[in-house]
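A.B. asks: So I've got this file, work32.cif, and it contains mmCIF, N, CA and C atoms:
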```cif
data_run
#
loop_
_atom_site.label_atom_id
_atom_site.label_comp_id
_atom_site.auth_asym_id
_atom_site.auth_seq_id
_atom_site.Cartn_x
_atom_site.Cartn_y
_atom_site.Cartn_z
N GLN A 1 44.71 -9.78 -70.64
CA GLN A 1 45.49 -8.70 -70.03
C GLN A 1 45.18 -8.65 -68.54
N VAL A 2 46.19 -8.42 -67.73
CA VAL A 2 46.02 -8.34 -66.28
C VAL A 2 46.40 -6.93 -65.83
N GLN A 3 45.57 -6.34 -65.01
CA GLN A 3 45.89 -5.06 -64.38
C GLN A 3 45.96 -5.26 -62.88
N LEU A 4 46.95 -4.66 -62.25
CA LEU A 4 47.18 -4.83 -60.82
C LEU A 4 47.06 -3.50 -60.10
N VAL A 5 46.37 -3.51 -58.94
CA VAL A 5 46.19 -2.30 -58.15
C VAL A 5 46.51 -2.61 -56.69
N GLU A 6 47.48 -1.89 -56.14
CA GLU A 6 47.87 -2.08 -54.74
C GLU A 6 47.03 -1.18 -53.82
N SER A 7 46.83 -1.65 -52.60
CA SER A 7 46.17 -0.85 -51.58
C SER A 7 46.67 -1.30 -50.21
N GLY A 8 46.34 -0.50 -49.19
CA GLY A 8 46.67 -0.87 -47.82
C GLY A 8 47.90 -0.21 -47.26
N GLY A 9 48.56 0.61 -48.04
CA GLY A 9 49.75 1.28 -47.53
C GLY A 9 49.39 2.41 -46.58
N GLY A 10 50.42 3.07 -46.08
CA GLY A 10 50.19 4.19 -45.17
C GLY A 10 51.32 4.36 -44.20
N LEU A 11 51.03 5.05 -43.12
CA LEU A 11 52.02 5.36 -42.08
C LEU A 11 51.82 4.44 -40.89
N VAL A 12 52.91 3.87 -40.41
CA VAL A 12 52.85 2.97 -39.25
C VAL A 12 54.09 3.21 -38.40
N GLN A 13 53.96 3.00 -37.11
CA GLN A 13 55.12 3.13 -36.23
C GLN A 13 56.01 1.90 -36.33
N ALA A 14 57.28 2.08 -36.07
CA ALA A 14 58.20 0.95 -36.03
C ALA A 14 57.68 -0.10 -35.06
N GLY A 15 57.75 -1.34 -35.49
CA GLY A 15 57.23 -2.44 -34.69
C GLY A 15 55.79 -2.80 -35.02
N GLY A 16 55.14 -1.96 -35.78
CA GLY A 16 53.75 -2.18 -36.15
C GLY A 16 53.59 -3.07 -37.36
N SER A 17 52.32 -3.19 -37.80
CA SER A 17 51.98 -4.09 -38.90
C SER A 17 51.12 -3.37 -39.93
N LEU A 18 51.20 -3.85 -41.16
CA LEU A 18 50.34 -3.41 -42.25
C LEU A 18 50.08 -4.60 -43.15
N ARG A 19 48.93 -4.59 -43.81
CA ARG A 19 48.67 -5.61 -44.82
C ARG A 19 48.41 -4.92 -46.15
N LEU A 20 49.25 -5.23 -47.11
CA LEU A 20 49.05 -4.73 -48.46
C LEU A 20 48.23 -5.72 -49.27
N SER A 21 47.43 -5.19 -50.16
CA SER A 21 46.65 -6.01 -51.08
C SER A 21 47.00 -5.65 -52.51
N CYS A 22 46.98 -6.66 -53.36
CA CYS A 22 47.20 -6.47 -54.79
C CYS A 22 46.00 -7.10 -55.49
N ALA A 23 45.09 -6.25 -55.97
CA ALA A 23 43.89 -6.72 -56.63
C ALA A 23 44.11 -6.74 -58.13
N ALA A 24 43.71 -7.84 -58.75
CA ALA A 24 43.95 -8.02 -60.18
C ALA A 24 42.64 -8.12 -60.95
N SER A 25 42.67 -7.59 -62.12
CA SER A 25 41.56 -7.80 -63.07
C SER A 25 42.03 -8.80 -64.10
N GLY A 26 41.09 -9.51 -64.70
CA GLY A 26 41.49 -10.48 -65.72
C GLY A 26 41.30 -11.91 -65.26
N ARG A 27 40.79 -12.74 -66.15
CA ARG A 27 40.45 -14.10 -65.79
C ARG A 27 41.66 -14.99 -65.61
N THR A 28 42.82 -14.59 -66.15
CA THR A 28 43.99 -15.46 -66.10
C THR A 28 44.89 -15.18 -64.91
N PHE A 29 44.46 -14.33 -64.00
CA PHE A 29 45.28 -13.99 -62.84
C PHE A 29 45.76 -15.21 -62.10
N SER A 30 44.89 -16.19 -61.93
CA SER A 30 45.24 -17.35 -61.12
C SER A 30 46.32 -18.21 -61.77
N ASN A 31 46.69 -17.93 -63.02
CA ASN A 31 47.73 -18.69 -63.70
C ASN A 31 49.14 -18.18 -63.37
N TYR A 32 49.23 -16.98 -62.79
CA TYR A 32 50.53 -16.31 -62.72
C TYR A 32 51.12 -16.28 -61.32
N ALA A 33 52.44 -16.42 -61.28
CA ALA A 33 53.15 -16.11 -60.05
C ALA A 33 53.10 -14.60 -59.82
N ILE A 34 53.01 -14.21 -58.57
CA ILE A 34 52.93 -12.80 -58.20
C ILE A 34 54.04 -12.49 -57.20
N ALA A 35 54.64 -11.34 -57.36
CA ALA A 35 55.69 -10.92 -56.43
C ALA A 35 55.43 -9.52 -55.92
N TRP A 36 56.03 -9.24 -54.80
CA TRP A 36 56.08 -7.87 -54.27
C TRP A 36 57.54 -7.40 -54.34
N PHE A 37 57.69 -6.18 -54.81
CA PHE A 37 58.98 -5.50 -54.82
C PHE A 37 58.80 -4.18 -54.07
N ARG A 38 59.91 -3.55 -53.74
CA ARG A 38 59.84 -2.22 -53.13
C ARG A 38 61.00 -1.38 -53.62
N GLN A 39 60.78 -0.08 -53.55
CA GLN A 39 61.83 0.86 -53.98
C GLN A 39 61.81 2.07 -53.07
N ALA A 40 62.92 2.30 -52.41
CA ALA A 40 63.09 3.48 -51.57
C ALA A 40 63.78 4.56 -52.38
N PRO A 41 63.62 5.81 -51.98
CA PRO A 41 64.24 6.92 -52.72
C PRO A 41 65.75 6.73 -52.87
N GLY A 42 66.24 6.86 -54.10
CA GLY A 42 67.66 6.75 -54.35
C GLY A 42 68.20 5.33 -54.39
N LYS A 43 67.31 4.35 -54.26
CA LYS A 43 67.75 2.95 -54.27
C LYS A 43 67.11 2.19 -55.42
N GLU A 44 67.70 1.07 -55.75
CA GLU A 44 67.14 0.23 -56.80
C GLU A 44 65.92 -0.53 -56.27
N ARG A 45 65.09 -0.94 -57.21
CA ARG A 45 63.94 -1.75 -56.84
C ARG A 45 64.44 -3.09 -56.34
N GLU A 46 63.90 -3.55 -55.20
CA GLU A 46 64.37 -4.80 -54.64
C GLU A 46 63.22 -5.77 -54.40
N PHE A 47 63.56 -7.03 -54.54
CA PHE A 47 62.60 -8.11 -54.34
C PHE A 47 62.24 -8.23 -52.87
N VAL A 48 60.95 -8.52 -52.62
CA VAL A 48 60.47 -8.72 -51.25
C VAL A 48 59.98 -10.15 -51.05
N ALA A 49 59.04 -10.57 -51.89
CA ALA A 49 58.45 -11.90 -51.72
C ALA A 49 57.73 -12.28 -53.01
N ALA A 50 57.54 -13.59 -53.20
CA ALA A 50 56.81 -14.08 -54.37
C ALA A 50 56.02 -15.33 -53.98
N ILE A 51 55.00 -15.61 -54.78
CA ILE A 51 54.14 -16.76 -54.52
C ILE A 51 53.73 -17.37 -55.85
N THR A 52 53.71 -18.71 -55.91
CA THR A 52 53.31 -19.38 -57.14
C THR A 52 51.82 -19.23 -57.39
N TRP A 53 51.39 -19.65 -58.57
CA TRP A 53 49.99 -19.47 -58.96
C TRP A 53 49.04 -20.16 -58.00
N SER A 54 49.46 -21.30 -57.46
CA SER A 54 48.60 -22.07 -56.57
C SER A 54 48.69 -21.61 -55.11
N GLY A 55 49.73 -20.83 -54.81
CA GLY A 55 49.97 -20.45 -53.42
C GLY A 55 50.76 -21.50 -52.67
N GLY A 56 51.13 -22.58 -53.36
CA GLY A 56 51.82 -23.67 -52.70
C GLY A 56 53.26 -23.41 -52.35
N ASN A 57 53.87 -22.50 -53.08
CA ASN A 57 55.27 -22.17 -52.82
C ASN A 57 55.43 -20.67 -52.67
N THR A 58 56.29 -20.30 -51.75
CA THR A 58 56.61 -18.89 -51.52
C THR A 58 58.12 -18.72 -51.43
N TYR A 59 58.53 -17.48 -51.60
CA TYR A 59 59.97 -17.17 -51.62
C TYR A 59 60.11 -15.77 -51.05
N TYR A 60 61.05 -15.61 -50.11
CA TYR A 60 61.21 -14.33 -49.43
C TYR A 60 62.65 -13.84 -49.51
N ALA A 61 62.79 -12.53 -49.57
CA ALA A 61 64.11 -11.94 -49.39
C ALA A 61 64.53 -12.16 -47.95
N ASP A 62 65.80 -12.36 -47.73
CA ASP A 62 66.29 -12.63 -46.38
C ASP A 62 65.94 -11.51 -45.41
N ILE A 63 65.90 -10.29 -45.91
CA ILE A 63 65.68 -9.15 -45.02
C ILE A 63 64.26 -9.06 -44.50
N VAL A 64 63.32 -9.81 -45.07
CA VAL A 64 61.94 -9.78 -44.59
C VAL A 64 61.49 -11.13 -44.07
N LYS A 65 62.30 -12.16 -44.24
CA LYS A 65 61.92 -13.51 -43.84
C LYS A 65 61.61 -13.54 -42.34
N GLY A 66 60.48 -14.13 -42.01
CA GLY A 66 60.06 -14.21 -40.62
C GLY A 66 59.23 -13.03 -40.17
N ARG A 67 59.20 -11.96 -40.96
CA ARG A 67 58.42 -10.77 -40.61
C ARG A 67 57.27 -10.55 -41.59
N PHE A 68 57.47 -10.89 -42.85
CA PHE A 68 56.46 -10.69 -43.88
C PHE A 68 55.91 -12.05 -44.32
N THR A 69 54.63 -12.04 -44.71
CA THR A 69 53.99 -13.25 -45.23
C THR A 69 53.21 -12.90 -46.48
N ILE A 70 53.47 -13.62 -47.55
CA ILE A 70 52.73 -13.44 -48.79
C ILE A 70 51.69 -14.55 -48.91
N SER A 71 50.51 -14.20 -49.39
CA SER A 71 49.46 -15.18 -49.58
C SER A 71 48.57 -14.72 -50.73
N ARG A 72 47.70 -15.61 -51.19
CA ARG A 72 46.82 -15.23 -52.28
C ARG A 72 45.48 -15.91 -52.14
N ASP A 73 44.47 -15.25 -52.69
CA ASP A 73 43.12 -15.77 -52.77
C ASP A 73 42.70 -15.66 -54.22
N ASN A 74 42.84 -16.72 -54.96
CA ASN A 74 42.55 -16.66 -56.40
C ASN A 74 41.07 -16.43 -56.68
N ALA A 75 40.23 -16.86 -55.79
CA ALA A 75 38.79 -16.61 -55.98
C ALA A 75 38.50 -15.12 -55.90
N ALA A 76 39.30 -14.41 -55.12
CA ALA A 76 39.13 -12.96 -54.99
C ALA A 76 40.08 -12.18 -55.87
N ASN A 77 40.88 -12.89 -56.66
CA ASN A 77 41.86 -12.24 -57.54
C ASN A 77 42.76 -11.27 -56.76
N THR A 78 43.22 -11.72 -55.60
CA THR A 78 44.00 -10.82 -54.74
C THR A 78 45.19 -11.55 -54.13
N VAL A 79 46.30 -10.84 -54.07
CA VAL A 79 47.49 -11.30 -53.35
C VAL A 79 47.74 -10.33 -52.20
N TYR A 80 48.16 -10.87 -51.08
CA TYR A 80 48.37 -10.07 -49.88
C TYR A 80 49.83 -10.12 -49.44
N LEU A 81 50.25 -9.06 -48.79
CA LEU A 81 51.54 -9.05 -48.13
C LEU A 81 51.32 -8.55 -46.70
N GLN A 82 51.36 -9.47 -45.77
CA GLN A 82 51.24 -9.11 -44.36
C GLN A 82 52.62 -8.77 -43.83
N MET A 83 52.76 -7.55 -43.35
CA MET A 83 54.05 -7.06 -42.88
C MET A 83 53.97 -6.79 -41.39
N SER A 84 54.85 -7.41 -40.64
CA SER A 84 54.88 -7.26 -39.19
C SER A 84 56.28 -6.83 -38.74
N SER A 85 56.36 -6.37 -37.50
CA SER A 85 57.64 -5.93 -36.95
C SER A 85 58.35 -4.97 -37.91
N LEU A 86 57.59 -4.02 -38.40
CA LEU A 86 58.13 -3.11 -39.42
C LEU A 86 59.24 -2.24 -38.85
N LYS A 87 60.21 -1.97 -39.70
CA LYS A 87 61.37 -1.16 -39.35
C LYS A 87 61.39 0.08 -40.24
N PRO A 88 62.04 1.14 -39.80
CA PRO A 88 62.13 2.32 -40.66
C PRO A 88 62.72 2.01 -42.04
N GLU A 89 63.63 1.06 -42.09
CA GLU A 89 64.24 0.71 -43.39
C GLU A 89 63.30 -0.06 -44.31
N ASP A 90 62.12 -0.43 -43.83
CA ASP A 90 61.10 -1.05 -44.69
C ASP A 90 60.31 0.00 -45.48
N ALA A 91 60.49 1.26 -45.13
CA ALA A 91 59.75 2.32 -45.82
C ALA A 91 60.15 2.38 -47.29
N ALA A 92 59.16 2.41 -48.15
CA ALA A 92 59.40 2.39 -49.60
C ALA A 92 58.07 2.45 -50.32
N VAL A 93 58.15 2.57 -51.62
CA VAL A 93 56.97 2.32 -52.46
C VAL A 93 56.97 0.83 -52.78
N TYR A 94 55.85 0.18 -52.49
CA TYR A 94 55.72 -1.25 -52.72
C TYR A 94 54.92 -1.50 -53.98
N TYR A 95 55.41 -2.41 -54.80
CA TYR A 95 54.78 -2.77 -56.06
C TYR A 95 54.46 -4.26 -56.09
N CYS A 96 53.31 -4.62 -56.65
CA CYS A 96 53.09 -6.02 -56.98
C CYS A 96 53.27 -6.19 -58.48
N ALA A 97 53.65 -7.39 -58.86
CA ALA A 97 53.96 -7.66 -60.26
C ALA A 97 53.62 -9.11 -60.59
N ALA A 98 53.26 -9.33 -61.83
CA ALA A 98 52.88 -10.66 -62.30
C ALA A 98 53.94 -11.20 -63.26
N ASP A 99 54.27 -12.47 -63.07
CA ASP A 99 55.16 -13.20 -63.98
C ASP A 99 54.28 -14.06 -64.86
N ARG A 100 54.10 -13.64 -66.12
CA ARG A 100 53.17 -14.32 -67.02
C ARG A 100 53.84 -15.41 -67.85
N ARG A 101 55.03 -15.86 -67.43
CA ARG A 101 55.70 -16.92 -68.18
C ARG A 101 55.19 -18.31 -67.84
N LEU A 102 54.32 -18.41 -66.87
CA LEU A 102 53.77 -19.71 -66.45
C LEU A 102 54.87 -20.65 -65.99
N SER A 103 55.88 -20.09 -65.36
CA SER A 103 56.98 -20.88 -64.83
C SER A 103 56.64 -21.35 -63.42
N SER A 104 57.15 -22.51 -63.08
CA SER A 104 56.95 -23.03 -61.73
C SER A 104 58.04 -22.56 -60.78
N VAL A 105 59.03 -21.85 -61.31
CA VAL A 105 60.14 -21.37 -60.50
C VAL A 105 59.91 -19.91 -60.15
N LEU A 106 59.98 -19.57 -58.89
CA LEU A 106 59.81 -18.19 -58.46
C LEU A 106 61.08 -17.41 -58.71
N ASP A 107 60.92 -16.21 -59.24
CA ASP A 107 62.05 -15.41 -59.69
C ASP A 107 62.11 -14.11 -58.89
N ALA A 108 63.30 -13.74 -58.46
CA ALA A 108 63.48 -12.51 -57.69
C ALA A 108 63.91 -11.33 -58.55
N ARG A 109 64.07 -11.53 -59.83
CA ARG A 109 64.53 -10.47 -60.72
C ARG A 109 63.36 -9.66 -61.25
N PRO A 110 63.43 -8.33 -61.16
CA PRO A 110 62.34 -7.51 -61.68
C PRO A 110 62.06 -7.77 -63.16
N LEU A 111 63.09 -8.12 -63.93
CA LEU A 111 62.87 -8.30 -65.37
C LEU A 111 62.02 -9.52 -65.69
N ALA A 112 61.83 -10.41 -64.72
CA ALA A 112 60.99 -11.59 -64.94
C ALA A 112 59.50 -11.25 -64.91
N TYR A 113 59.17 -10.05 -64.45
CA TYR A 113 57.78 -9.66 -64.26
C TYR A 113 57.41 -8.59 -65.28
N ASP A 114 56.36 -8.82 -66.03
CA ASP A 114 56.04 -7.91 -67.13
C ASP A 114 54.74 -7.16 -66.94
N CYS A 115 54.14 -7.31 -65.79
CA CYS A 115 52.91 -6.58 -65.50
C CYS A 115 53.04 -6.05 -64.08
N TRP A 116 52.94 -4.72 -63.93
CA TRP A 116 53.20 -4.08 -62.64
C TRP A 116 52.04 -3.19 -62.22
N GLY A 117 51.84 -3.12 -60.91
CA GLY A 117 50.92 -2.14 -60.37
C GLY A 117 51.58 -0.78 -60.32
N GLN A 118 50.81 0.22 -59.86
CA GLN A 118 51.32 1.58 -59.85
C GLN A 118 52.14 1.88 -58.61
N GLY A 119 52.08 1.01 -57.63
CA GLY A 119 52.84 1.19 -56.40
C GLY A 119 52.05 1.87 -55.31
N ILE A 120 52.45 1.61 -54.06
CA ILE A 120 51.80 2.25 -52.92
C ILE A 120 52.84 2.52 -51.85
N GLN A 121 52.69 3.69 -51.22
CA GLN A 121 53.69 4.14 -50.25
C GLN A 121 53.48 3.47 -48.90
N VAL A 122 54.57 3.01 -48.31
CA VAL A 122 54.60 2.55 -46.93
C VAL A 122 55.64 3.39 -46.20
N THR A 123 55.21 4.04 -45.12
CA THR A 123 56.09 4.89 -44.33
C THR A 123 56.15 4.32 -42.91
N VAL A 124 57.34 4.18 -42.37
CA VAL A 124 57.51 3.63 -41.03
C VAL A 124 58.24 4.67 -40.19
N SER A 125 57.58 5.13 -39.14
CA SER A 125 58.18 6.14 -38.27
C SER A 125 58.94 5.47 -37.13
N SER A 126 60.04 6.08 -36.74
CA SER A 126 60.86 5.50 -35.67
C SER A 126 60.48 6.06 -34.32
#
```
Produce structure tokens that represent the structure in this file.
C.D. replies:
Amino acid sequence: QVQLVESGGGLVQAGGSLRLSCAASGRTFSNYAIAWFRQAPGKEREFVAAITWSGGNTYYADIVKGRFTISRDNAANTVYLQMSSLKPEDAAVYYCAADRRLSSVLDARPLAYDCWGQGIQVTVSS
């Protein structure tokens, strides 16, 4: 069983940066692709970025490409989301999620992920 806990959220000014962390418990964490999603009030949950188990492949939503970077440290059981050039529209609750299907293909659909963290708030002031 894998449990995920997000940290690093908070309030930042537009143009600023934040780094989110997703810490996992469980020995099999390094086997799974991990993704970040976000959900703003009144909106559907949307894909942000994903990374394969090895960290060798990444996949980004077009709206964050070039501004956000996903990475992982399997020795530390942690996945990171470095967010730069933040915009007010980036404000949302951010979730990390694990895809335990052991697939080599990164998936942007929330239904592909069956283990979720509790979420963490990111607020961007204009």
A.B. asks: Mind telling me what the PyMOL selection byres ((chain A and resi 104) around 8) catches here, as a list in words?
C.D. replies: Ala33, Thr52, Trp53, Arg101, Leu102, Ser103, Val105, Leu106 and Asp107 of chain A
A.B. asks: What's around segment 20-31 of chain A at 6.5 Å? Count all atoms listed in the file, leave out sequence neighbours fewer than 6 positions away in its own chain, and write the answer as a ChimeraX atom specification.
C.D. replies: /A:1-9,53-54,74,76-83,96,102
A.B. asks: Would you pick out the contacts of Ala92 of chain A at 8 Å or less, using all atoms listed in the file, so that residues sharing its chain but fewer than 3 positions from it are not included, and give the list as a PyMOL selection string?
C.D. replies: chain A and resi 37-41+88-89+95+119-124
A.B. asks: Identify the residues within 12 Å of coordinate (65.3, -3.9, -43.1) (same frame as the file), considering only C-alpha atoms, and give the answer as a VMD selection string.
C.D. replies: chain A and resid 14 to 15 38 40 46 48 61 to 68 83 to 92 124
A.B. asks: Could you tell me which residues the PyMOL selection byres ((chain A and resi 112) around 7) returns for this structure, as a PyMOL selection string?
C.D. replies: chain A and resi 98-101+107-111+113-115
A.B. asks: List every residue of segment 29-120 of chain A that DSSP, applied to the backbone, labels as strand (DSSP E or B), and write the result as a count of residues only.
C.D. replies: 39
A.B. asks: Atom CA of Ser125 of chain A and atom CA of Ile34 of chain A are how many Å apart?
C.D. replies: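 So the two atoms, atom CA of Ser125 of chain A and atom CA of Ile34 of chain A, lie 28.0 Å apart.
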A.B. asks: Calculate how many Å separate atom C of Tyr60 of chain A from atom N of Phe47 of chain A, rounding to one decimal.
C.D. replies: 8.5 Å
A.B. asks: Atom C of Val93 of chain A and atom CA of Asn57 of chain A are how many Å apart?
C.D. replies: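 Answer for the atom C of Val93 of chain A to atom CA of Asn57 of chain A separation: 23.1 Å.
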A.B. asks: Taking the DSSP secondary structure from the backbone, can you list the residues of chain A that are helix (DSSP H, G or I), as a list in words?
C.D. replies: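 Taking chain A and keeping helix (DSSP H, G or I) only, one gets Phe29, Ser30, Asn31, Asn74, Ala75, Ala76, Pro88, Glu89, Asp90, Pro110, Leu111 and Ala112 of chain A.
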A.B. asks: For the selection just defined, write its residues with N, CA and C atoms to a file, as a PDB file, in the frame of the given file.
C.D. replies:
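Result written to out10.pdb:
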```
ATOM      1  N   PHE A  29      44.460 -14.330 -64.000  1.00  0.00           N
ATOM      2  CA  PHE A  29      45.280 -13.990 -62.840  1.00  0.00           C
ATOM      3  C   PHE A  29      45.760 -15.210 -62.100  1.00  0.00           C
ATOM      4  N   SER A  30      44.890 -16.190 -61.930  1.00  0.00           N
ATOM      5  CA  SER A  30      45.240 -17.350 -61.120  1.00  0.00           C
ATOM      6  C   SER A  30      46.320 -18.210 -61.770  1.00  0.00           C
ATOM      7  N   ASN A  31      46.690 -17.930 -63.020  1.00  0.00           N
ATOM      8  CA  ASN A  31      47.730 -18.690 -63.700  1.00  0.00           C
ATOM      9  C   ASN A  31      49.140 -18.180 -63.370  1.00  0.00           C
ATOM     10  N   ASN A  74      42.840 -16.720 -54.960  1.00  0.00           N
ATOM     11  CA  ASN A  74      42.550 -16.660 -56.400  1.00  0.00           C
ATOM     12  C   ASN A  74      41.070 -16.430 -56.680  1.00  0.00           C
ATOM     13  N   ALA A  75      40.230 -16.860 -55.790  1.00  0.00           N
ATOM     14  CA  ALA A  75      38.790 -16.610 -55.980  1.00  0.00           C
ATOM     15  C   ALA A  75      38.500 -15.120 -55.900  1.00  0.00           C
ATOM     16  N   ALA A  76      39.300 -14.410 -55.120  1.00  0.00           N
ATOM     17  CA  ALA A  76      39.130 -12.960 -54.990  1.00  0.00           C
ATOM     18  C   ALA A  76      40.080 -12.180 -55.870  1.00  0.00           C
ATOM     19  N   PRO A  88      62.040   1.140 -39.800  1.00  0.00           N
ATOM     20  CA  PRO A  88      62.130   2.320 -40.660  1.00  0.00           C
ATOM     21  C   PRO A  88      62.720   2.010 -42.040  1.00  0.00           C
ATOM     22  N   GLU A  89      63.630   1.060 -42.090  1.00  0.00           N
ATOM     23  CA  GLU A  89      64.240   0.710 -43.390  1.00  0.00           C
ATOM     24  C   GLU A  89      63.300  -0.060 -44.310  1.00  0.00           C
ATOM     25  N   ASP A  90      62.120  -0.430 -43.830  1.00  0.00           N
ATOM     26  CA  ASP A  90      61.100  -1.050 -44.690  1.00  0.00           C
ATOM     27  C   ASP A  90      60.310   0.000 -45.480  1.00  0.00           C
ATOM     28  N   PRO A 110      63.430  -8.330 -61.160  1.00  0.00           N
ATOM     29  CA  PRO A 110      62.340  -7.510 -61.680  1.00  0.00           C
ATOM     30  C   PRO A 110      62.060  -7.770 -63.160  1.00  0.00           C
ATOM     31  N   LEU A 111      63.090  -8.120 -63.930  1.00  0.00           N
ATOM     32  CA  LEU A 111      62.870  -8.300 -65.370  1.00  0.00           C
ATOM     33  C   LEU A 111      62.020  -9.520 -65.690  1.00  0.00           C
ATOM     34  N   ALA A 112      61.830 -10.410 -64.720  1.00  0.00           N
ATOM     35  CA  ALA A 112      60.990 -11.590 -64.940  1.00  0.00           C
ATOM     36  C   ALA A 112      59.500 -11.250 -64.910  1.00  0.00           C
TER      37      ALA A 112
END
```
A.B. asks: Could you check which of A:Trp116, A:Thr69, A:Ala97, A:Trp36 is closest to Ser17 of chain A, using only C-alpha atoms?
C.D. replies: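 Nearest candidate to Ser17 of chain A out of A:Trp116, A:Thr69, A:Ala97, A:Trp36: A:Thr69.
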